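Colleague: Supplied in structure tokens, the structure appears directly below.
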Amino acid sequence: MIAIGERFTPVQRLLHWVMAICILTMLFIGVGFASTITPKYIPLLATHKTLGMAILVLALIRLGVRLRYGAPPLPADLPQPMRLAASLSHYALYALMIGMPLLGWAMLSTADYPVVLYGNIWLPRILPRNDTLHTLLWDAHFYLAFAFYALILLHVAAALFHALIRRDGVFESMAPAPSHAKVVAAE
Amino acid sequence: MTRPPLLPENARLGSLALIAAIVVVAAGGFAYTAGWLSPGRLTPAKIVAALAPPGGPALGHRRNHAKGICFTGTFDSNGNGAQLSRAQVFTRGQYPALGRFNLGTPDPNAPDATVRVRGMGLQIATPDGEIWRMAMIDLPFFPVSTPQAFYELLKASASKAPDAMKTFAAAHPEFAVFGKWAQSAPWTASYAEEPYNSLDAFIVVNDSGAEHAVRWSLLPQAPVVPITQSDLAKLGPNHLEQEIAERVGKAPQRWTMVLTVAQPGDPTSDPSKAWPADRRTVAVGTLVVQRIEAERDGPCRDINFDPTLLPNGIQVSDDPFPAARSAAYARSYDLRTAEVRDYPYHQTTATGGQR
């Protein structure tokens with residue numbers, strides 16, 4: 001088990017929670033603009049692109065920080081299947097955090113759309129125009145978005161399972177502020 | 001350090017129920033945002049589906065304005081637009097242009113004389129890396145006031161109910177103006193003789209930050225020769241594409257781009273309402289069409305002429321159409337680019353315009 005008090009570094013926790021807000025906002029904006037023709041379509045789409053690039057940058061920083069500082073060990077008594085699930089889901093989360101913005105950027109590039117962020121930032125295209133590639137990238141971006149959200153729900157459920165039921169310090173290791181873990185432990 | 005004692009059974013169940021409830025609410029919120037719980041929401045998919053003719057859409061083609069032909073040329077800016085907009089396209093100079101003449105029909109094989117509305121998609125690129133895309137039509141105003149009304153118009157036209165169009169027209173008095181235009185406006189036998197109008201209002205911003213609402217038009221420099229619909233029909237089903245290819249082959253064709261500046265109080269949110277004729281206009285340059293290419297392998301084929309793709313210095317206004325058009329055009333683009341098998345490149349047999 002995690003020795004109570006062994007936590008992710010403050011910068012990791014900050015990145016986690018800032019990105020949690022960004023990514024959730026991102027996914028809701030994504031399914032939101034794709035299902036509307038009202039004037040808010042335009043700012044939602046512009047926000048989606050801008051926030052996507054911000055997430056890409058944050059995710060790369062986060063990956064570097066993770067490689068540098070690692071993560072607290074999982075509780076020793078955590079069953080092997082849960083250990084495996086924890087490990088795989090975190091690989092998938094990192095892959096999606098970095099992959100989804102790249103897929104979106106590449107998708108716009110293959111359709112010859114300008115990629116314009118707030119602040120009149122025009123990004124270069126990263127792939128040439130191509131129908132087949134555009135369709136492939138569009139499908140990937142679309143279906144992976146739902147997979148991403150499902151994975152986040154699983155992640156939230158697992159975090160709450162650790163916090164409320166196993167009470168093994170895993171949730172506290174990423175909690176934004178020192179929590180009642182010590183109080184619980186003392187019970 | 002010891003693990004806290006396990007929770008009693010009922011507390012565990014309570015916690016599990018709480019976790020399940022949080023997941024269900026979060027999933028429900030997502031489904032709601034995606035429109036899955038709102039069958040009444042007007043989505044891009046619905047608008048595009050409503051454009052399809054009774055036999056279904058022409059796969060691989062644009063879902064509206066499906067019949068068209070590509071052109072390339074230049075936009076020769078005279079510099080007069082710089083007073084209104086800081087976009088580089090309005091500084092004096094020559095910029096590459098790419099576009100598409102088209103007919104307002106979902107059928108890429110529709111005979112020319114059966115389609116009342118003609119259009120032009122246009123992209124102008126500037127050295128600063130920015131682009132301006134627009135999609136204009138020859139109507140002097142849009143037939144309806146709102147995207148919702150446009151959708152209702154599509155539904156009414158497709159409806160088998162005998163009174164569907166009457167009911168629609170009664171609810172949308174602006175539509176009668178279009179009816180009058182469609183009956184009385186002269187036809188022409190050339191894309192080169194048509195004006196192409198933005199209809200939607202946009203906001204231009206100049207170097208000092210001053211904003212003006214404008215609409216723009218490309219006015220033909222070629223003399224306009226009216227023709228009757230039946231005489232046009234006699235020229236053949238694909239006369240317009242043959243004619244523009246021949247005409248441009250002989251000499252470049254030109255349009256003057258004119259910005260019309262609104263006065264305070266002019267309706268910017270309703271493209272069915274023309275502005276008074278005495279509004280200030282600024283001729284900002286000339287579109288020179290130098291080369292025509294078939295759409296199948298042409299440079300306009302895979303371009304989405306999304307009217308919200310604007311350079312810095314031009315913005316959308318409170319007109320609700322550009323956003324709706326952007327959403328619907330993207331849907332059409334995503335569909336047709338996934339259907340390339342149904343409209344392959346490099347087809348050598350001459351089926352382009354045949355039914």
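Residues in the structure tokens are numbered from 1 in each chain, the chains being A, B, ... in the order shown, and ligands are numbered from 1 in the order shown.
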Could you work out which residues of chain B fall inside 6 Å of chain A? Count only C-alpha atoms, and format the result as an MDAnalysis selection string.

Modeller: chainID B and resid 4 19 33:34 43:44 320 323:324 327 337:338

Colleague: Write out as number ranges by chain all residues of stretch 223-286 of chain B that DSSP puts in helix (DSSP H, G or I) for this structure's backbone.

Modeller: B: 229-234, 239-250

Colleague: Grab the atom CA of B:Val258 to atom CA of B:Val282 distance for me, in Å with one decimal place.

Modeller: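 We find that atom CA of B:Val258 and atom CA of B:Val282 lie 5.4 Å from each other.
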
Colleague: Please provide the set of residues having any atom within 8 Å of B:Phe168, restricted to only C-alpha atoms, with same-chain residues fewer than 3 positions apart removed, written as number ranges by chain.

Modeller: B: 152-153, 156, 164-165, 171-172

Colleague: Under the rule that only C-alpha atoms are counted, which of A:Val65, A:Ala76, A:Ala147, A:Met19 is the nearest residue to A:Ala92?

Modeller: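 Ranked by minimum distance to A:Ala92, first place goes to A:Ala147.
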
Colleague: Run DSSP on the backbone and grab whatever in stretch 20-173 of chain B lands in strand (DSSP E); send it over as a PyMOL selection string.

Modeller: chain B and resi 67-77+93-103+118-125+131-137
